[in-house]
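Asks: Handing you this structure, nothing more for now.
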Amino acid sequence: MRQTAVQWSGAKRMASAATTKRNERLDARVSREEKELIEAAANLRGTSYSDFVRMAVKEAAVNTIREYESLTLAEKSRRIFVEALLNPPKPNEKAKAAARRYKQEFA
């Protein structure tokens, strides 16, 4: 069994389907009902069964990766925010000066 590690970067853009050479094969077993549903959807889009499956799987993969990256970033941001609330940094001179100006103007 061959395993392939995949790393995706949001900044990377995939080449268009027309210029991408397809050397890899992807096989899946589906029920008759699933196949008929996929064929009907492919017909509605005016694409072949294979192209429809390839595009749908690619779209699902991209969305899954984006969602994971977004959730990971949200978790990291949440941790940074909570840490700053629980352990705020000491104010530097610029922050102290800004606080003095604020007190003079609004107090």
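By convention in this document, the chains of the structure tokens carry letters A, B, ... by their order, each chain's residues are numbered from 1, and ligands are numbered from 1 in the order they are shown.
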Per DSSP on the backbone, what are the alpha helix (DSSP H) residues of chain A, as number ranges by chain?
Replies: A: 32-45, 49-86, 93-106
Asks: Of the candidates A:Val62, A:Val53, A:Phe106, A:Asn43, which shows the shortest atom-to-atom distance to Val30 (chain A), using only C-alpha atoms?
Replies: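 The shortest atom-to-atom distance to Val30 (chain A) comes from A:Val53.
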Asks: Calculate how many Å separate CA of Leu85 (chain A) from CA of Arg66 (chain A), rounding to one decimal.
Replies: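 Separation of CA of Leu85 (chain A) and CA of Arg66 (chain A): 28.3 Å.
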Asks: What gap, in Å, lies between CA of Leu26 (chain A) and CA of Tyr68 (chain A)?
Replies: 23.2 Å
Asks: Would you mind reading off the distance between CA of Leu73 (chain A) and CA of Pro91 (chain A), one decimal, in Å?
Replies: 26.8 Å
